[in-house]
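Please read the structure below before turning to the comments.
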Amino acid sequence: MGDKDNKTILLDEHGDPVTIPESEKDKRRDGSLVQMEKEHPSTLIVVPLNENILFPGMTIPMVLESSSSQNAVEFAMTQGPYIALVPRIDPLPNEVEEIPTPHPREVSNFGVIGRALKMLNLPDGNRSVVVECIARVKITRYIRVKPFLIGRVEYPADTYRDTKPNKALWRAARMSLQELFKEIPGLPEGFNVAAANLDGPAQLTDFVAAHIDLPRVERFGLLSELQVEKRLAIVAEALTRELELARLAGRIRDDIREKVEKTQREYYLREQLKAIRRELGEEVDQKDLLTQELEEKIDIEGVPEEAAKRARKELKRLEVLNPESPEYNVIHTYLDWIISLPWTQETTDSRDLRAARRILDEDHYGLKEVKERIIEFLAVKKLKPERKGALLCFAGPPGVGKTSLGQSIARCLGRKFYRFSLGGMRDEAEIKGHRRTYIGAMPGKILQGLKSVEVRNPIFMLDEIDKLGSNSISGDPSSAMLEVLDPAQNHAFLDHYMDIPFDLSQVMFICTANVKANIPGPLLDRMEVIDIPGYIVDEKVSIAERHLVPRQIDANGLKPSQLKFSRTVLQAIIEGWTAEAGVRNLERAVGRVCRKVAAKVASGQVKGKIAVSTKSIPDYLGGKRVAKESLKSPKVGTAVGLAWTPVGGDILRIETTRMPGKGRFHVTGHLGDVMRESVDIAVSYIRANYKVLNVDHGIFEKEDLHVHFPAGAVPKDGPSAGVTITSALVSLLAGKKGVRPNGKIAMTGEMTLSGDVLPVGGIRDKVLAAQSAGVQTVIVPFDNQKDVAEIPKHTIKGLKFVYAKTYPDVLNVAMQL
């Protein structure tokens with residue numbers, strides 16, 4: 001194709017030149033374009049559009065998306081400015097750098113004829129053309145595909161039926177368009193003018209399709225649809241949808257504007273108020289004062305550099321926030337925690353071991369071994385203050401003074417004391433805090449305690465660590481405690497709320513537990529455990545005289561001259577009204593007596609001093625609550641064992657019987673698995689040694705045996721009843737009395753199948769229980785001699801001890817040969 005003698009030359013379907021008359025060309029006069037004449041060209045250069053879909057009546061600048069499109073438009077503008085703008089059926093992705101000339105099957109049959117008004121060069125090297133879209137065209141066939149598309153076109157006419165429904169639809173669509181323009185702020189006035197001058201439904205549909213953001217599928221359908229009423233229905237629905245969205249956006253915009261204006265107005269008024277106060281010489285507002293105060297505290301409170309850096313960062317955020325904002329209070333609380341923690345404050349330890357020993361003796365009676373361990377611990381602390389890894393754990397039954405020992409240690413060292421209970425704690429956030437994203441978040445118990453005592457080296461008493469929860473849905477508190485108690489980790493303890501490392505290495509942690517076996521293994525491995533046994537009767541009497549009676553007399557408003565407890569009375573109360581390893585129930589009983597006496601004194605019923613006697617105890621405390629177990633006359637098939645309980649020792653009677661049967665065996669008494677195994681071991685030992693024990697072996701096939709442990713409601717378990725069970729069965733099967741007629745015998749020890757007697761625990765409490773029950777001879781394992789030696793001599797006066805290595809040693813003493 002080319003330009004020759006001022007004639008427009010195009011090629012026909014055979015490739016031959018076709019001459020277009022001058023009447024079908026645009027003429028350029030004075031740099032402007034003239035109107036195209038009524039007859040449009042039947043052959044046009046086709047410019048494919050990748051994303052855009054154009055409609056008649058549009059005048060837009062269009063970036064030419066490929067070099068072929070640029071060449072096609074340049075050529076068209078030299079021959080006559082008309083081009084066919086046809087959209088692709090499936091647009092290419094934006095990532096494609098050079099868009100190739102499409103195949104005719106890849107573009108739509110419908111498009112628009114456009115007049116290229118002006119070509120522009122863009123800074124990025126691309127070219128843009130300003131196009132005026134005139135009318136719809138339909139490509140009937142293509143006569144060329146290279147170097148660009150050339151096709152035969154026709155100009156289809158719109159069809160419209162002028163019916164009442166169509167008129168109503170046209171009117172509704174026009175009103176919706178006007179309402180939509182009102183809802184869109186900042187719209188150029190030309191849009192309203194153009195919309196008001198639309199001649200008919202066809203122009204309305206093209207105008208809406210051109211200027212309203214519609215899905216590509218709908219735009220594609222509107223371009224190819226020639227029935228105006230169908231286009232009108234699509235446009236009316238689209239306008240209704242866009243109008244609803246515009247109204248919703250308007251409401252949202254109004255709400256935002258109102259909030260912004262309110263904030264700006266408040267800020268402006270506050271700034272004016274500040275300026276007025278400065279002019280009057282008044283002080284700055286509370287927010288500025290608070291910010292200044294926080295900044296000063298960060299500098300003078302000894303906050304470490306890392307914490308100070310975080311605090312200053314949060315302080316900058318606080319300065320720009322409105323005091324009424326929720327986040328303002330969150331940041332203020334966080335900064336308050338940072339400056340309130342004792343980062344450097346600490347107390348000076350006392351190193352006077354004599355004073356420490358005196359304090360321990362004043363606060364606690366007995367517990368000699370425990371006090372020695374504490375003095376040794378304090379001595380090492382004195383010689384090497386920087387030594388880490390000291391973690392004590394007091395293990396023992398309730399009421400023996402574990403918590404008060406921690407308070408005494410605090411007095412010895414001159415440190416502050418803080419206690420909290422871990423019993424039932426199942427949320428690790430109680431230890432390590434909640435993250436600040438949660439409403440009402442706060443640090444864990446550790447940092448709360450440090451803030452309370454205001455020093456970084458207090459004594460922390462962690463009570464009931466054996467009852468600490470683990471592996472719950474809220475985390476694992478026992479694992480969280482590792483970071484607190486482990487000396488290798490607690491120098492950089494990280495609380496979730498603070499999110500700043502805090503040094504806990506100067507804190508002395510003391511834990512307490514009732515059952516050492518229930519402490520999680522990793523925690524127990526890091527502790528130095530000190531076992532605190534239960535008190536014997538003499539110790540309880542002395543504790544009551546020194547501490548409990550004076551405290552209760554004072555607590556109930558009495559004077560020492562008004563009430564007297566003798567040692568005999570206190571011992572009677574201990575044995576008849578309390579059953580415990582500690583002294584809590586004893587103190588309650590003493591307090592009850594004091595209250596009754598106080599009531600008599602206050603009412604004037606008595607004057608002078610009241611001396612409580614053993615006979616008058618029931619008047620104050622009611623009948624006895626503890627029945628003292630005593631030995632009964634020995635019978636065949638019985639034996640007396642010794643048991644340990646959380647409240648001290650006790651004697652354990654074992655009964656056996658036999659009856660005609662088929663060799664069945666019964667065990668009753670609420671026993672645990674270990675105790676049932678001890679019964680099985682005893683039976684197996686007797687059957688294996690029936691000749692030595694003078695037992696008829698046929699009994700095990702012809703008779704049924706039954707072993708019973710009285711007090712069936714009380715759970716029982718443990719291996720220490722092995723020798724007692726064996727002795728009861730030997731007595732039953734050999735026809736011998738359970739104990740010698742002239743002696744009262746009790747025993748304890750674990751049995752093996754080979755007849756060895758193994759050591760057991762709780763010897764101290766068991767021996768004291770035996771003496772209380774009137775036992776004269778106690779059989780204990782040979783390896784428990786050291787435990788017997790630790791019992792005060794005056795408390796076991798009159799008892800005879802037999803130390804057994806094997807069961808024959810027990811048999812020779814316990815059975816009447």
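By order in the structure tokens, chains are A, B, ...; within a chain, residues start at 1; ligands start at 1, following the order shown.
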Original post:
Among range 169-340 of chain A, which ones does DSSP place in alpha helix (DSSP H), written as JSON, numbers by chain?
Top reply: {"A": [169, 170, 171, 172, 173, 174, 175, 176, 177, 178, 179, 180, 181, 182, 183, 189, 190, 191, 192, 193, 194, 195, 196, 201, 202, 203, 204, 205, 206, 207, 208, 209, 210, 211, 216, 217, 218, 219, 220, 221, 222, 223, 224, 228, 229, 230, 231, 232, 233, 234, 235, 236, 237, 238, 239, 240, 241, 242, 243, 244, 245, 246, 247, 248, 249, 250, 251, 252, 253, 254, 255, 256, 257, 258, 259, 260, 261, 262, 263, 264, 265, 266, 267, 268, 269, 270, 271, 272, 273, 274, 275, 276, 277, 278, 279, 280, 286, 287, 288, 289, 290, 291, 292, 293, 294, 295, 296, 297, 298, 299, 300, 305, 306, 307, 308, 309, 310, 311, 312, 313, 314, 315, 316, 317, 318, 319, 326, 327, 328, 329, 330, 331, 332, 333, 334, 335, 336, 337, 338, 339, 340]}
Subject >> Neighbour list for Gly761 in chain A as a ChimeraX atom specification, cut-off 12 Å, only C-alpha atoms, skip fewer than 4 positions in-chain >> reply: /A:533,642-645,649,718-721,748-750,765-767,780-781,783-788
Once you have the residues from the selection above, write them out as a short mmCIF file (atom, residue, chain, number, x, y, z; two decimals), in the first residue's frame, restricted to N, CA, C and O atoms.
data_model
loop_
_atom_site.label_atom_id
_atom_site.label_comp_id
_atom_site.auth_asym_id
_atom_site.auth_seq_id
_atom_site.Cartn_x
_atom_site.Cartn_y
_atom_site.Cartn_z
N PRO A 533 10.51 -33.98 108.09
CA PRO A 533 9.60 -35.02 108.58
C PRO A 533 8.51 -34.42 109.47
O PRO A 533 8.56 -33.26 109.89
N LEU A 642 3.50 -52.04 110.31
CA LEU A 642 3.65 -50.60 110.55
C LEU A 642 3.51 -49.88 109.20
O LEU A 642 4.12 -50.29 108.21
N ALA A 643 2.71 -48.81 109.18
CA ALA A 643 2.43 -48.09 107.94
C ALA A 643 2.76 -46.62 108.09
O ALA A 643 2.72 -46.07 109.21
N TRP A 644 3.09 -46.00 106.95
CA TRP A 644 3.32 -44.55 106.92
C TRP A 644 2.16 -43.88 106.21
O TRP A 644 1.68 -44.35 105.18
N THR A 645 1.66 -42.77 106.78
CA THR A 645 0.60 -41.98 106.16
C THR A 645 1.04 -40.52 106.11
O THR A 645 1.99 -40.13 106.80
N GLY A 649 2.82 -41.98 111.28
CA GLY A 649 2.80 -43.44 111.23
C GLY A 649 1.54 -44.02 111.85
O GLY A 649 0.78 -43.34 112.53
N GLY A 718 1.95 -49.89 98.74
CA GLY A 718 3.35 -49.86 99.11
C GLY A 718 3.88 -51.25 99.40
O GLY A 718 3.13 -52.18 99.71
N PRO A 719 5.21 -51.45 99.36
CA PRO A 719 5.80 -52.77 99.54
C PRO A 719 6.18 -53.11 100.98
O PRO A 719 6.62 -54.23 101.26
N SER A 720 6.02 -52.15 101.93
CA SER A 720 6.61 -52.36 103.26
C SER A 720 5.84 -53.37 104.11
O SER A 720 6.29 -53.72 105.19
N ALA A 721 4.67 -53.85 103.64
CA ALA A 721 3.92 -54.84 104.42
C ALA A 721 4.27 -56.27 104.03
O ALA A 721 3.60 -57.22 104.47
N THR A 748 7.94 -54.30 109.88
CA THR A 748 7.86 -53.64 108.58
C THR A 748 9.04 -54.08 107.75
O THR A 748 10.11 -54.41 108.29
N GLY A 749 8.86 -54.12 106.44
CA GLY A 749 9.94 -54.55 105.55
C GLY A 749 9.38 -55.14 104.27
O GLY A 749 8.31 -55.75 104.26
N GLU A 750 10.11 -54.96 103.19
CA GLU A 750 9.71 -55.52 101.90
C GLU A 750 10.29 -56.92 101.72
O GLU A 750 11.45 -57.17 102.06
N ASP A 765 8.42 -42.33 111.69
CA ASP A 765 7.00 -42.25 112.00
C ASP A 765 6.43 -43.61 112.39
O ASP A 765 5.56 -43.71 113.27
N LYS A 766 6.89 -44.65 111.75
CA LYS A 766 6.38 -45.99 112.06
C LYS A 766 6.77 -46.42 113.47
O LYS A 766 5.95 -46.98 114.22
N VAL A 767 8.01 -46.15 113.85
CA VAL A 767 8.47 -46.55 115.19
C VAL A 767 7.70 -45.79 116.27
O VAL A 767 7.29 -46.36 117.29
N VAL A 780 12.58 -54.50 112.01
CA VAL A 780 12.82 -53.60 110.87
C VAL A 780 13.91 -54.21 110.01
O VAL A 780 14.72 -55.03 110.48
N PRO A 781 14.00 -53.86 108.74
CA PRO A 781 15.08 -54.35 107.88
C PRO A 781 16.45 -53.95 108.41
O PRO A 781 16.62 -52.89 109.03
N ASP A 783 19.04 -52.91 106.88
CA ASP A 783 19.61 -51.69 106.29
C ASP A 783 18.94 -50.41 106.79
O ASP A 783 19.32 -49.31 106.37
N ASN A 784 17.94 -50.52 107.65
CA ASN A 784 17.29 -49.34 108.23
C ASN A 784 17.83 -48.97 109.61
O ASN A 784 17.25 -48.12 110.30
N GLN A 785 18.95 -49.56 110.01
CA GLN A 785 19.53 -49.25 111.32
C GLN A 785 19.86 -47.77 111.44
O GLN A 785 19.66 -47.16 112.50
N LYS A 786 20.38 -47.19 110.33
CA LYS A 786 20.77 -45.77 110.38
C LYS A 786 19.55 -44.86 110.63
O LYS A 786 19.67 -43.83 111.27
N ASP A 787 18.39 -45.27 110.12
CA ASP A 787 17.17 -44.47 110.34
C ASP A 787 16.72 -44.54 111.79
O ASP A 787 16.24 -43.55 112.36
N VAL A 788 16.87 -45.71 112.41
CA VAL A 788 16.52 -45.85 113.83
C VAL A 788 17.46 -45.02 114.69
O VAL A 788 17.04 -44.40 115.69
#
Subject >> Contacts of Val692 in chain A within 12 Å, only C-alpha atoms, excl. fewer than 4 positions in-chain, as a list of chain:residue names >> reply: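 Here the qualifying residues turn out to be A:Tyr685, A:Ile686, A:Arg687, A:Ala688, A:Asp696, A:His697, A:Val730, A:Ala734, A:Tyr807, A:Pro808, A:Leu811.
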Store the residues picked out above in a file with C-alpha atoms, as a CSV table (one decimal), in the first residue's frame.
chain,number,residue,atom,x,y,z
A,685,TYR,CA,7.4,-67.7,99.0
A,686,ILE,CA,5.4,-69.9,101.4
A,687,ARG,CA,4.6,-72.5,98.6
A,688,ALA,CA,8.2,-72.7,97.6
A,696,ASP,CA,0.8,-78.7,104.2
A,697,HIS,CA,1.2,-78.1,100.5
A,730,VAL,CA,2.5,-68.6,107.9
A,734,ALA,CA,1.2,-73.6,110.2
A,807,TYR,CA,12.7,-63.8,106.5
A,808,PRO,CA,14.0,-66.5,108.8
A,811,LEU,CA,10.2,-66.0,111.8
Taking 6 positions as the minimum chain separation for residues in the same chain, which residues sit within 12 Å of Val683 in chain A when counting only C-alpha atoms? Answer as a PDB file with C-alpha atoms, in the first residue's frame.
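Once written, out_2.pdb looks like this:
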ATOM      1  CA  THR A 656      -6.112 -64.138 107.157  1.00  0.00           C
ATOM      2  CA  GLY A 663      -7.486 -73.275  95.958  1.00  0.00           C
ATOM      3  CA  ARG A 664      -8.917 -69.850  95.266  1.00  0.00           C
ATOM      4  CA  PHE A 665      -7.334 -66.737  96.768  1.00  0.00           C
ATOM      5  CA  HIS A 666      -9.075 -63.483  97.835  1.00  0.00           C
ATOM      6  CA  VAL A 667      -7.561 -60.144  98.849  1.00  0.00           C
ATOM      7  CA  ARG A 676      -1.391 -56.848  95.878  1.00  0.00           C
ATOM      8  CA  GLU A 677       1.931 -57.892  94.416  1.00  0.00           C
ATOM      9  CA  ASN A 689       9.381 -73.164 101.217  1.00  0.00           C
ATOM     10  CA  TYR A 690       6.410 -75.152 102.607  1.00  0.00           C
ATOM     11  CA  VAL A 695       3.000 -76.071 105.887  1.00  0.00           C
ATOM     12  CA  HIS A 697       1.157 -78.143 100.493  1.00  0.00           C
ATOM     13  CA  ILE A 699      -3.939 -76.773 101.462  1.00  0.00           C
ATOM     14  CA  PHE A 700      -3.412 -74.714  98.295  1.00  0.00           C
ATOM     15  CA  LEU A 705      -7.500 -68.416 101.387  1.00  0.00           C
ATOM     16  CA  HIS A 706      -8.571 -64.860 102.198  1.00  0.00           C
ATOM     17  CA  VAL A 707      -6.297 -61.958 103.234  1.00  0.00           C
ATOM     18  CA  GLY A 722       5.638 -57.800 102.740  1.00  0.00           C
ATOM     19  CA  VAL A 723       7.045 -59.432 105.905  1.00  0.00           C
ATOM     20  CA  ILE A 725       1.665 -60.473 105.100  1.00  0.00           C
ATOM     21  CA  THR A 726       4.027 -63.450 105.017  1.00  0.00           C
ATOM     22  CA  SER A 727       3.949 -63.773 108.814  1.00  0.00           C
ATOM     23  CA  ALA A 728       0.117 -63.689 108.900  1.00  0.00           C
ATOM     24  CA  LEU A 729      -0.117 -66.437 106.257  1.00  0.00           C
ATOM     25  CA  VAL A 730       2.532 -68.603 107.941  1.00  0.00           C
ATOM     26  CA  LEU A 732      -2.570 -69.336 109.487  1.00  0.00           C
ATOM     27  CA  LEU A 733      -1.161 -72.280 107.538  1.00  0.00           C
ATOM     28  CA  MET A 751       9.872 -59.214 100.964  1.00  0.00           C
ATOM     29  CA  THR A 752      11.493 -60.780  97.935  1.00  0.00           C
ATOM     30  CA  LEU A 753      10.786 -64.228  96.452  1.00  0.00           C
ATOM     31  CA  GLY A 755      13.226 -64.354 101.317  1.00  0.00           C
TER      32      GLY A 755
END
**OP:** Can you work out the spacing between CA of Ile331 in chain A and CA of Glu261 in chain A in Å, to one decimal?
**Re:** 25.2 Å
Original post:
Do you know which residues are at most 9 Å from range 139-156 of chain A counting only C-alpha atoms, after dropping those on the same chain fewer than 2 positions away, and could you put them as JSON, numbers by chain?
Top reply: {"A": [11, 12, 13, 14, 15, 40, 41, 42, 43, 44, 45, 46, 47, 48, 68, 69, 71, 72, 84, 86, 101, 102, 103, 104, 108, 109, 110, 111, 135, 136, 137, 158, 226]}
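Taking CA of Arg127 in chain A and CA of Phe75 in chain A as the two end points, the separation is 13.9 Å.
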Subject >> Computed interatomic separation between CA of Lys615 in chain A and CA of Gln776 in chain A (Å) >> reply: 28.7 Å
**OP:** Name all residues at most 6 Å from range 494-506 of chain A (count only C-alpha atoms; drop same-chain ones fewer than 2 positions away) and give them as an MDAnalysis selection string.
**Re:** chainID A and resid 432:436 443 457 490:492
**OP:** Can you check which residues of range 398-533 of chain A DSSP gives as strand (DSSP E or B) on the backbone and send them as a list in words?
**Re:**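 Here is the list: Phe417, Tyr418, Arg419, Phe420, Ser421, Ile459, Phe460, Met461, Leu462, Asp463, Ser472, Gly475, Phe493, Leu494, Pro501, Phe502, Met508, Phe509, Ile510, Cys511, Thr512, Ala513, Glu528, Val529, Ile530 and Asp531 of chain A.
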